[in-house]
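Peer 1: My structure file work_21.txt, compact mmCIF, C-alpha atoms, is below:
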```
# COMPACT_ATOMS: atom_id res chain seq x y z
CA MET A 1 -7.48 -19.79 -27.65
CA LYS A 2 -4.87 -20.22 -24.92
CA VAL A 3 -2.57 -17.34 -24.14
CA ASN A 4 0.35 -17.62 -21.75
CA VAL A 5 1.44 -14.57 -19.79
CA TYR A 6 4.79 -14.55 -18.00
CA VAL A 7 5.20 -11.86 -15.34
CA THR A 8 8.74 -11.31 -14.10
CA LEU A 9 10.42 -8.78 -11.84
CA LYS A 10 12.28 -6.07 -13.70
CA PRO A 11 16.06 -6.38 -13.74
CA GLY A 12 17.52 -4.54 -10.78
CA VAL A 13 14.45 -5.07 -8.56
CA LEU A 14 15.53 -7.11 -5.56
CA ASP A 15 13.79 -10.51 -5.39
CA PRO A 16 13.83 -11.83 -1.80
CA GLN A 17 11.78 -14.89 -2.79
CA GLY A 18 14.22 -15.78 -5.55
CA LYS A 19 17.04 -15.45 -3.05
CA ALA A 20 15.31 -17.78 -0.58
CA ILE A 21 14.73 -20.35 -3.35
CA HIS A 22 18.39 -20.03 -4.30
CA HIS A 23 19.48 -20.73 -0.72
CA ALA A 24 17.13 -23.71 -0.54
CA LEU A 25 18.58 -25.16 -3.75
CA GLU A 26 22.06 -24.78 -2.31
CA GLY A 27 20.85 -26.47 0.88
CA LEU A 28 19.71 -29.44 -1.21
CA GLY A 29 23.20 -29.71 -2.62
CA PHE A 30 22.55 -28.12 -6.02
CA GLY A 31 25.73 -26.11 -6.57
CA GLY A 32 26.44 -24.03 -9.63
CA VAL A 33 23.21 -21.99 -9.51
CA SER A 34 24.32 -18.40 -9.76
CA ASP A 35 20.95 -16.65 -9.43
CA VAL A 36 17.20 -17.34 -9.06
CA ARG A 37 14.39 -14.97 -10.01
CA ALA A 38 10.80 -15.97 -9.22
CA GLY A 39 7.89 -14.82 -11.37
CA ARG A 40 4.28 -15.65 -12.15
CA PHE A 41 2.71 -17.63 -14.97
CA ILE A 42 -0.89 -16.89 -15.96
CA GLU A 43 -2.83 -18.92 -18.50
CA LEU A 44 -5.73 -17.18 -20.21
CA ASP A 45 -8.41 -18.81 -22.32
CA VAL A 46 -9.65 -16.02 -24.59
CA ALA A 47 -11.91 -15.71 -27.62
CA ASP A 48 -10.22 -16.39 -30.94
CA GLY A 49 -9.31 -13.10 -32.53
CA THR A 50 -8.61 -11.28 -29.26
CA SER A 51 -6.31 -8.49 -30.35
CA ASP A 52 -2.74 -7.96 -29.24
CA ALA A 53 -3.80 -4.55 -27.98
CA ASP A 54 -6.44 -6.09 -25.70
CA LEU A 55 -4.00 -8.68 -24.35
CA ASP A 56 -1.44 -5.97 -23.75
CA ALA A 57 -4.02 -3.84 -21.91
CA MET A 58 -4.97 -6.80 -19.67
CA CYS A 59 -1.33 -7.15 -18.66
CA ALA A 60 -0.67 -3.44 -18.19
CA LYS A 61 -3.91 -2.77 -16.26
CA LEU A 62 -3.99 -5.79 -13.98
CA LEU A 63 -1.84 -8.86 -14.54
CA ALA A 64 1.48 -7.06 -14.03
CA ASN A 65 2.43 -4.10 -11.87
CA THR A 66 4.62 -2.25 -14.34
CA VAL A 67 6.33 -0.30 -11.54
CA ILE A 68 8.21 -3.48 -10.63
CA GLU A 69 7.32 -6.11 -13.23
CA ASN A 70 7.73 -6.88 -16.91
CA TYR A 71 5.40 -9.18 -18.84
CA ARG A 72 5.62 -11.31 -21.93
CA ILE A 73 2.59 -12.56 -23.87
CA GLU A 74 2.75 -15.82 -25.78
CA ARG A 75 -0.11 -17.13 -27.92
CA ALA A 76 -0.06 -20.86 -27.30
CA MET B 1 -17.16 15.75 10.05
CA LYS B 2 -18.33 12.68 8.12
CA THR B 3 -15.85 9.87 7.63
CA ALA B 4 -15.90 6.59 5.73
CA VAL B 5 -13.99 3.33 6.01
CA ILE B 6 -13.89 1.21 2.87
CA VAL B 7 -14.34 -2.49 3.63
CA PHE B 8 -13.05 -5.20 1.30
CA PRO B 9 -13.45 -8.95 1.69
CA GLY B 10 -10.40 -9.77 3.81
CA SER B 11 -10.05 -6.35 5.46
CA ASN B 12 -9.28 -6.94 9.14
CA CYS B 13 -8.37 -3.51 10.52
CA ASP B 14 -11.58 -1.82 9.38
CA ARG B 15 -13.07 -1.88 12.86
CA ASP B 16 -9.85 -0.63 14.48
CA MET B 17 -9.95 2.25 12.02
CA ALA B 18 -13.63 2.88 12.80
CA VAL B 19 -12.86 3.03 16.54
CA ALA B 20 -10.09 5.56 15.89
CA LEU B 21 -12.30 7.75 13.70
CA GLU B 22 -15.18 7.63 16.17
CA GLN B 23 -12.90 8.40 19.10
CA VAL B 24 -11.58 11.51 17.38
CA THR B 25 -14.73 12.79 15.65
CA GLY B 26 -17.34 11.56 18.14
CA LYS B 27 -19.27 10.02 15.28
CA ALA B 28 -19.13 6.50 13.84
CA PRO B 29 -17.83 6.39 10.25
CA ALA B 30 -19.83 5.03 7.34
CA MET B 31 -18.60 1.51 6.58
CA VAL B 32 -18.66 1.27 2.78
CA TRP B 33 -18.57 -2.15 1.12
CA HIS B 34 -16.29 -2.66 -1.89
CA ARG B 35 -19.17 -3.37 -4.26
CA GLU B 36 -20.68 0.08 -3.75
CA THR B 37 -20.19 2.48 -6.64
CA ALA B 38 -20.67 5.71 -4.71
CA LEU B 39 -19.72 7.12 -1.32
CA PRO B 40 -22.37 8.53 1.03
CA ASP B 41 -22.91 12.27 0.43
CA GLY B 42 -20.69 14.78 2.17
CA ILE B 43 -17.83 12.49 3.19
CA ASP B 44 -14.92 14.60 4.53
CA PHE B 45 -12.37 11.84 5.12
CA ILE B 46 -11.85 8.34 3.69
CA ALA B 47 -9.76 5.51 5.15
CA LEU B 48 -8.59 2.34 3.39
CA PRO B 49 -7.90 -0.10 6.24
CA GLY B 50 -5.33 -2.82 6.75
CA GLY B 51 -5.88 -6.49 6.14
CA PHE B 52 -5.63 -8.94 3.29
CA SER B 53 -8.15 -7.68 0.76
CA TYR B 54 -9.19 -10.43 -1.65
CA GLY B 55 -6.72 -12.73 0.09
CA ASP B 56 -3.79 -10.81 -1.43
CA TYR B 57 -4.58 -12.61 -4.69
CA LEU B 58 -2.35 -11.65 -7.64
CA ARG B 59 -0.52 -8.95 -5.60
CA SER B 60 -1.34 -7.30 -2.27
CA GLY B 61 -3.95 -4.64 -2.98
CA ALA B 62 -4.22 -5.46 -6.69
CA MET B 63 -7.82 -6.65 -6.74
CA ALA B 64 -9.06 -4.01 -4.28
CA ALA B 65 -7.52 -1.29 -6.46
CA ARG B 66 -9.80 -2.42 -9.31
CA SER B 67 -12.94 -2.84 -7.18
CA PRO B 68 -16.05 -0.76 -7.96
CA ILE B 69 -15.78 1.58 -4.95
CA LEU B 70 -12.23 2.60 -5.82
CA ARG B 71 -13.43 4.74 -8.71
CA ALA B 72 -15.54 6.81 -6.30
CA VAL B 73 -12.66 6.93 -3.81
CA SER B 74 -10.28 8.07 -6.53
CA ASP B 75 -12.74 10.75 -7.70
CA ALA B 76 -13.13 12.03 -4.13
CA ALA B 77 -9.35 12.15 -3.68
CA GLY B 78 -9.16 14.08 -6.94
CA ARG B 79 -11.54 16.65 -5.44
CA GLY B 80 -9.20 17.01 -2.46
CA VAL B 81 -10.96 14.81 0.11
CA PRO B 82 -8.32 13.50 2.55
CA LEU B 83 -7.63 9.81 1.94
CA LEU B 84 -5.58 7.67 4.32
CA GLY B 85 -4.40 4.18 3.39
CA VAL B 86 -2.86 2.10 6.15
CA CYS B 87 -0.94 -1.11 5.50
CA ASN B 88 -3.08 -2.98 2.95
CA GLY B 89 -4.66 0.42 2.28
CA PHE B 90 -1.22 1.75 1.28
CA GLN B 91 -0.78 -1.25 -1.03
CA VAL B 92 -4.18 -0.50 -2.58
CA LEU B 93 -3.21 3.16 -3.13
CA THR B 94 -0.01 2.23 -4.98
CA GLU B 95 -1.83 -0.42 -7.04
CA ALA B 96 -4.47 2.18 -7.91
CA GLN B 97 -1.66 4.55 -8.90
CA LEU B 98 -2.91 7.17 -6.46
CA LEU B 99 0.58 7.01 -4.95
CA PRO B 100 3.91 6.28 -6.65
CA GLY B 101 5.94 3.11 -6.14
CA ALA B 102 5.04 -0.41 -5.08
CA LEU B 103 5.13 -2.52 -1.91
CA MET B 104 7.05 -5.75 -2.29
CA ARG B 105 7.71 -8.76 -0.07
CA ASN B 106 9.74 -7.76 3.01
CA ALA B 107 13.45 -8.06 2.27
CA GLY B 108 13.90 -10.48 5.18
CA LEU B 109 10.90 -12.54 3.94
CA ASN B 110 9.43 -12.62 7.44
CA PHE B 111 6.13 -11.13 8.51
CA VAL B 112 7.13 -8.20 10.74
CA CYS B 113 4.84 -7.49 13.70
CA ARG B 114 6.14 -5.09 16.33
CA THR B 115 6.16 -1.44 17.35
CA VAL B 116 8.80 0.52 15.45
CA PRO B 117 10.16 4.06 15.77
CA LEU B 118 9.34 6.37 12.87
CA THR B 119 10.79 9.76 12.06
CA VAL B 120 8.32 12.45 11.01
CA GLU B 121 9.85 13.82 7.82
CA ASN B 122 7.15 16.27 6.81
CA SER B 123 5.19 18.04 9.52
CA GLN B 124 3.40 20.41 7.13
CA SER B 125 0.90 17.98 5.60
CA LEU B 126 -2.73 17.82 6.66
CA PHE B 127 -2.01 14.42 8.25
CA THR B 128 1.19 15.35 10.08
CA ALA B 129 0.64 18.97 11.16
CA CYS B 130 0.35 17.95 14.83
CA TYR B 131 3.86 16.46 14.82
CA GLN B 132 7.21 18.21 14.89
CA ALA B 133 9.56 17.72 11.93
CA GLY B 134 12.21 15.21 12.91
CA GLU B 135 10.18 13.95 15.86
CA GLU B 136 10.44 10.24 16.59
CA ILE B 137 7.15 8.41 17.21
CA ASP B 138 6.36 4.77 18.00
CA ILE B 139 3.76 3.07 15.80
CA PRO B 140 3.07 -0.66 15.34
CA VAL B 141 3.69 -2.43 12.04
CA ALA B 142 2.24 -5.79 11.00
CA HIS B 143 2.93 -6.74 7.41
CA HIS B 144 4.55 -9.15 4.98
CA ASP B 145 4.63 -6.88 1.93
CA GLY B 146 5.89 -3.53 3.19
CA ASN B 147 9.13 -3.22 1.27
CA TYR B 148 8.65 0.13 -0.51
CA PHE B 149 10.13 0.27 -3.99
CA ALA B 150 10.31 3.05 -6.57
CA ASP B 151 12.96 3.85 -9.14
CA ALA B 152 15.70 6.28 -8.15
CA ALA B 153 14.23 9.17 -10.16
CA THR B 154 10.85 8.75 -8.44
CA LEU B 155 12.48 8.52 -5.01
CA ASP B 156 14.49 11.68 -5.68
CA ARG B 157 11.36 13.47 -6.87
CA ILE B 158 9.14 12.57 -3.91
CA GLU B 159 11.93 13.35 -1.44
CA GLY B 160 12.56 16.69 -3.17
CA GLU B 161 8.86 17.53 -3.01
CA GLY B 162 8.62 16.70 0.71
CA ARG B 163 6.29 13.80 0.01
CA VAL B 164 7.99 11.35 2.35
CA ALA B 165 5.80 11.76 5.43
CA PHE B 166 7.42 9.12 7.64
CA ARG B 167 10.63 7.14 7.59
CA TYR B 168 11.58 4.08 9.65
CA ALA B 169 14.23 5.19 12.15
CA ALA B 170 15.96 1.85 11.47
CA ASP B 171 15.49 -0.72 8.71
CA VAL B 172 12.27 -2.74 9.15
CA ASN B 173 11.51 -4.39 5.82
CA GLY B 174 14.10 -3.30 3.27
CA SER B 175 12.14 -0.25 2.09
CA ALA B 176 13.97 2.10 -0.25
CA ARG B 177 15.49 4.90 1.81
CA ASN B 178 13.54 3.53 4.82
CA ILE B 179 10.35 5.14 3.52
CA ALA B 180 7.32 4.26 5.69
CA GLY B 181 4.72 6.75 4.44
CA VAL B 182 4.21 8.70 1.22
CA LEU B 183 1.98 11.64 0.24
CA ASN B 184 0.52 12.34 -3.20
CA ASP B 185 1.52 15.53 -5.00
CA ALA B 186 -1.55 17.43 -3.79
CA GLY B 187 -0.88 16.32 -0.20
CA ASN B 188 -4.38 14.96 0.50
CA VAL B 189 -3.55 11.26 0.07
CA LEU B 190 -1.27 9.49 2.56
CA GLY B 191 -0.24 5.85 2.41
CA MET B 192 1.72 4.28 5.25
CA MET B 193 2.57 0.75 6.35
CA PRO B 194 2.56 1.43 10.13
CA HIS B 195 -0.82 1.43 11.90
CA PRO B 196 -1.58 4.78 13.59
CA GLU B 197 -5.06 3.46 14.53
CA ARG B 198 -3.35 0.91 16.79
CA ALA B 199 -1.67 3.65 18.83
CA ILE B 200 -4.49 5.94 19.97
CA ASP B 201 -5.19 4.72 23.50
CA PRO B 202 -2.84 4.20 26.47
CA ALA B 203 -4.11 0.60 26.58
CA HIS B 204 -2.52 0.09 23.16
CA GLY B 205 0.87 0.79 24.71
CA GLY B 206 1.17 4.21 23.12
CA THR B 207 -0.81 7.11 21.70
CA ASP B 208 1.56 8.47 19.07
CA GLY B 209 -0.92 7.68 16.30
CA LEU B 210 -3.64 9.87 17.75
CA ARG B 211 -2.23 13.17 16.50
CA LEU B 212 -2.37 11.94 12.89
CA PHE B 213 -6.15 11.61 13.16
CA GLU B 214 -6.48 14.84 15.14
CA ALA B 215 -4.58 16.70 12.43
CA ALA B 216 -6.38 15.10 9.49
CA LEU B 217 -9.81 15.44 11.06
CA GLY B 218 -9.23 19.06 12.01
CA VAL B 219 -9.74 18.49 15.73
CA LEU B 220 -6.87 20.70 16.78
CA ALA B 221 -7.00 23.02 13.77
```
Since I need it in another form, could you write the structure as C-alpha cells?

Peer 2:
Amino acid sequence: MKVNVYVTLKPGVLDPQGKAIHHALEGLGFGGVSDVRAGRFIELDVADGTSDADLDAMCAKLLANTVIENYRIERA
Amino acid sequence: MKTAVIVFPGSNCDRDMAVALEQVTGKAPAMVWHRETALPDGIDFIALPGGFSYGDYLRSGAMAARSPILRAVSDAAGRGVPLLGVCNGFQVLTEAQLLPGALMRNAGLNFVCRTVPLTVENSQSLFTACYQAGEEIDIPVAHHDGNYFADAATLDRIEGEGRVAFRYAADVNGSARNIAGVLNDAGNVLGMMPHPERAIDPAHGGTDGLRLFEAALGVLA
C-alpha cells in the first residue's frame, strides 16, 4: 500500500529556500506569485493494514522535525 | 580523563576534535563508530564532531540522531557525562531532542565559512568556566544549516535559565536572537555551531577555543 507523506514548514517559520525559489520565479518573469513555501514529499510502500498510529509515529519520530515542521499523511 | 569522539559516515571534523582532546588531556580519545551500541567503560567526556553525517539526508543530523550509538550517548548524558556537539554535532543534539530548537538553512542561503566573534553569555557552565561573562572570542564557523530556531516561549525559557552559552556578536546565519550555543537544563550538554577545536593552536590563527576544552576537561579546575 502506498502512503504519501507531505512535510511542510510550520506557518511563521522563515523559509529561505522558498524565498529563493520565489525570487527565481520572478526572475523568469512569473509575476503574481505572492509567496513560496518549500517542503518535502515522501512516498512509503507499507504493508496493507499498517495502522494510522504507526504511520503517525513514523512521521513524528523521523520523517518530520516537529519543532519546525508539520506533516500530513495521505493513503494513496 | 577518558574521552570519546563519535564518528558517523560523513563526519569530517572527528580528527580535528581528536587532536584537540589529545592536546588538552595528553591522551588520544576513543573513536567510536556509529554502529556501536555501547561506549567504552569509564568515558568522562563525549564529543559529537562536525561534518555531514549520512550526507545530511532527510535533515542535517536526523539520521545520526537515530543511529545505534546515540542511545548510549544519550544515556551517558543523562548520567551527567559532559557532551559537546559542534556544528553537525549540534544538529544531531537538537534532532535527538537532547537540546531544544532546530538548526535550519542559513537565512542568507550561503554556506558561511569564516572566523566570527562570539559573546560568552554564560561563564558558569562546565564548558565556559574559563571565560569571562560578556567576553568576546573569535571562533571559526563553517556551516550551511546553522540558523537556530525555537519558538518564542522556548527562547525566553532558555535565556531566562542562562542556557545560551554563546551568541554571535553580529548576525551570521539568521539565528534567533543570534544564538550560537545552547546548554541543556542540567548544564552538561553543549551544542554550538562554531568550531572551538579549530582555534586551539596559534597556527590556527587563534586559540580562543582552547579554554572551552580546558574547562570541560578539568585541566584548570

Peer 1: Set the distance at 10 Å and use all atoms listed in the file: which residues neighbour A:Pro16 once local chain neighbours fewer than 2 positions away are removed? I'd like the list as a ChimeraX atom specification.

Peer 2: /A:13-14,18-22,36-38 /B:104-109,174

Peer 1: Calculated over all atoms listed in the file, which of the candidates A:Ala57, A:Val46, A:Ile73, A:Val7 has the smallest distance to chain B?

Peer 2: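 So, comparing all the options, the nearest one is A:Val7.
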
Peer 1: Do me a favour and pick out the residues of chain A within 10 Å of chain B, using only C-alpha atoms, as a ChimeraX atom specification.

Peer 2: /A:12-17,19-20,40,42,61-68

Peer 1: Would you mind telling me which residue in B:Ala165, B:Leu99, B:Val172, B:Ala64 lies nearest to B:Asp145 when using all atoms listed in the file?

Peer 2: B:Val172

Peer 1: What does the distance between atom CA of B:Arg114 and atom CA of B:Asp156 come to in Å, to one decimal place?

Peer 2: 28.9 Å

Peer 1: For stretch 185-188 of chain B, work out the shell of residues within 9 Å, counting all atoms listed in the file and skipping chain neighbours fewer than 5 positions away, then give it as an MDAnalysis selection string.

Peer 2: chainID B and resid 77:78 80:84 99 125:127 158 161 163

Peer 1: Please save C-alpha atoms of the selected residues as a short mmCIF file (atom, residue, chain, number, x, y, z; two decimals), in the frame of the given file.

Peer 2:
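Output below, filename result02.cif:
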```
data_model
loop_
_atom_site.label_atom_id
_atom_site.label_comp_id
_atom_site.auth_asym_id
_atom_site.auth_seq_id
_atom_site.Cartn_x
_atom_site.Cartn_y
_atom_site.Cartn_z
CA ALA B 77 -9.35 12.15 -3.68
CA GLY B 78 -9.16 14.08 -6.94
CA GLY B 80 -9.20 17.01 -2.46
CA VAL B 81 -10.96 14.81 0.11
CA PRO B 82 -8.32 13.50 2.55
CA LEU B 83 -7.63 9.81 1.94
CA LEU B 84 -5.58 7.67 4.32
CA LEU B 99 0.58 7.01 -4.95
CA SER B 125 0.90 17.98 5.60
CA LEU B 126 -2.73 17.82 6.66
CA PHE B 127 -2.01 14.42 8.25
CA ILE B 158 9.14 12.57 -3.91
CA GLU B 161 8.86 17.53 -3.01
CA ARG B 163 6.29 13.80 0.01
#
```

Peer 1: Considering all atoms listed in the file, return as JSON, numbers by chain whatever protein or nucleic-acid residues lie within 12 Å of B:Val73, sequence-local ones (same chain, fewer than 5 positions apart) excluded.

Peer 2: {"B": [4, 5, 6, 32, 33, 34, 36, 37, 38, 39, 40, 43, 44, 45, 46, 47, 48, 64, 65, 66, 67, 68, 78, 79, 80, 81, 82, 83, 84, 85, 89, 92, 93, 96, 98, 189]}

Peer 1: Pick from A:Ala24, A:Arg75, A:Phe30, A:Thr8: nearest to A:Asp45, with all atoms listed in the file counted?

Peer 2: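 Between A:Ala24, A:Arg75, A:Phe30, A:Thr8, the residue approaching A:Asp45 most closely is A:Arg75.
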
Peer 1: Quick check, in Å to one decimal: how far apart do atom CA of B:Pro49 and atom CA of B:Ala129 lie?

Peer 2: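 That distance, rounded to one decimal, is 21.5 Å.
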
Peer 1: What does the structure give for the distance between atom CA of A:Leu9 and atom CA of B:Asn173, in Å to one decimal?

Peer 2: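 Distance between the two atoms: 18.2 Å.
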
Peer 1: Just so I have it separately, write stretch 12-67 of chain A from the block I sent, keeping C-alpha atoms, as a JSON list (two decimals), in the first residue's frame.

Peer 2:
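Below you can see result.json, which holds the result:
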```json
[["chain", "number", "residue", "atom", "x", "y", "z"],
["A", 12, "GLY", "CA", 5.61, 31.51, 10.85],
["A", 13, "VAL", "CA", 8.88, 29.59, 10.36],
["A", 14, "LEU", "CA", 11.01, 31.54, 7.90],
["A", 15, "ASP", "CA", 11.69, 29.59, 4.69],
["A", 16, "PRO", "CA", 14.83, 30.93, 2.98],
["A", 17, "GLN", "CA", 14.62, 28.27, 0.25],
["A", 18, "GLY", "CA", 11.03, 29.21, -0.54],
["A", 19, "LYS", "CA", 12.12, 32.84, -0.76],
["A", 20, "ALA", "CA", 14.94, 31.99, -3.18],
["A", 21, "ILE", "CA", 12.52, 29.97, -5.37],
["A", 22, "HIS", "CA", 10.13, 32.93, -5.28],
["A", 23, "HIS", "CA", 12.86, 35.29, -6.48],
["A", 24, "ALA", "CA", 13.83, 32.85, -9.23],
["A", 25, "LEU", "CA", 10.23, 32.65, -10.44],
["A", 26, "GLU", "CA", 10.08, 36.42, -10.56],
["A", 27, "GLY", "CA", 13.37, 36.43, -12.46],
["A", 28, "LEU", "CA", 11.78, 34.14, -15.06],
["A", 29, "GLY", "CA", 9.01, 36.67, -15.49],
["A", 30, "PHE", "CA", 6.31, 34.90, -13.49],
["A", 31, "GLY", "CA", 4.59, 37.79, -11.73],
["A", 32, "GLY", "CA", 1.65, 37.45, -9.40],
["A", 33, "VAL", "CA", 3.26, 34.86, -7.09],
["A", 34, "SER", "CA", 2.78, 36.23, -3.61],
["A", 35, "ASP", "CA", 4.62, 33.56, -1.61],
["A", 36, "VAL", "CA", 6.50, 30.24, -1.98],
["A", 37, "ARG", "CA", 6.98, 27.63, 0.74],
["A", 38, "ALA", "CA", 9.15, 24.59, 0.00],
["A", 39, "GLY", "CA", 8.51, 21.23, 1.65],
["A", 40, "ARG", "CA", 9.28, 17.55, 1.25],
["A", 41, "PHE", "CA", 7.28, 14.71, -0.24],
["A", 42, "ILE", "CA", 7.96, 11.15, 0.94],
["A", 43, "GLU", "CA", 6.35, 8.09, -0.60],
["A", 44, "LEU", "CA", 6.15, 4.99, 1.58],
["A", 45, "ASP", "CA", 5.27, 1.49, 0.46],
["A", 46, "VAL", "CA", 3.92, -0.19, 3.59],
["A", 47, "ALA", "CA", 2.16, -3.44, 4.45],
["A", 48, "ASP", "CA", -1.60, -3.38, 3.99],
["A", 49, "GLY", "CA", -3.21, -2.78, 7.34],
["A", 50, "THR", "CA", -0.45, -0.56, 8.70],
["A", 51, "SER", "CA", -2.22, 1.43, 11.37],
["A", 52, "ASP", "CA", -2.71, 5.18, 11.44],
["A", 53, "ALA", "CA", -0.91, 5.20, 14.77],
["A", 54, "ASP", "CA", 2.18, 3.56, 13.23],
["A", 55, "LEU", "CA", 2.21, 5.97, 10.30],
["A", 56, "ASP", "CA", 1.83, 8.88, 12.67],
["A", 57, "ALA", "CA", 4.72, 7.61, 14.81],
["A", 58, "MET", "CA", 6.96, 7.28, 11.72],
["A", 59, "CYS", "CA", 6.31, 10.93, 10.92],
["A", 60, "ALA", "CA", 6.69, 12.21, 14.47],
["A", 61, "LYS", "CA", 9.84, 10.18, 15.23],
["A", 62, "LEU", "CA", 11.75, 10.64, 11.98],
["A", 63, "LEU", "CA", 10.15, 11.95, 8.81],
["A", 64, "ALA", "CA", 9.31, 15.38, 10.23],
["A", 65, "ASN", "CA", 11.05, 17.52, 12.83],
["A", 66, "THR", "CA", 8.00, 18.72, 14.73],
["A", 67, "VAL", "CA", 9.93, 21.68, 16.17]]
```
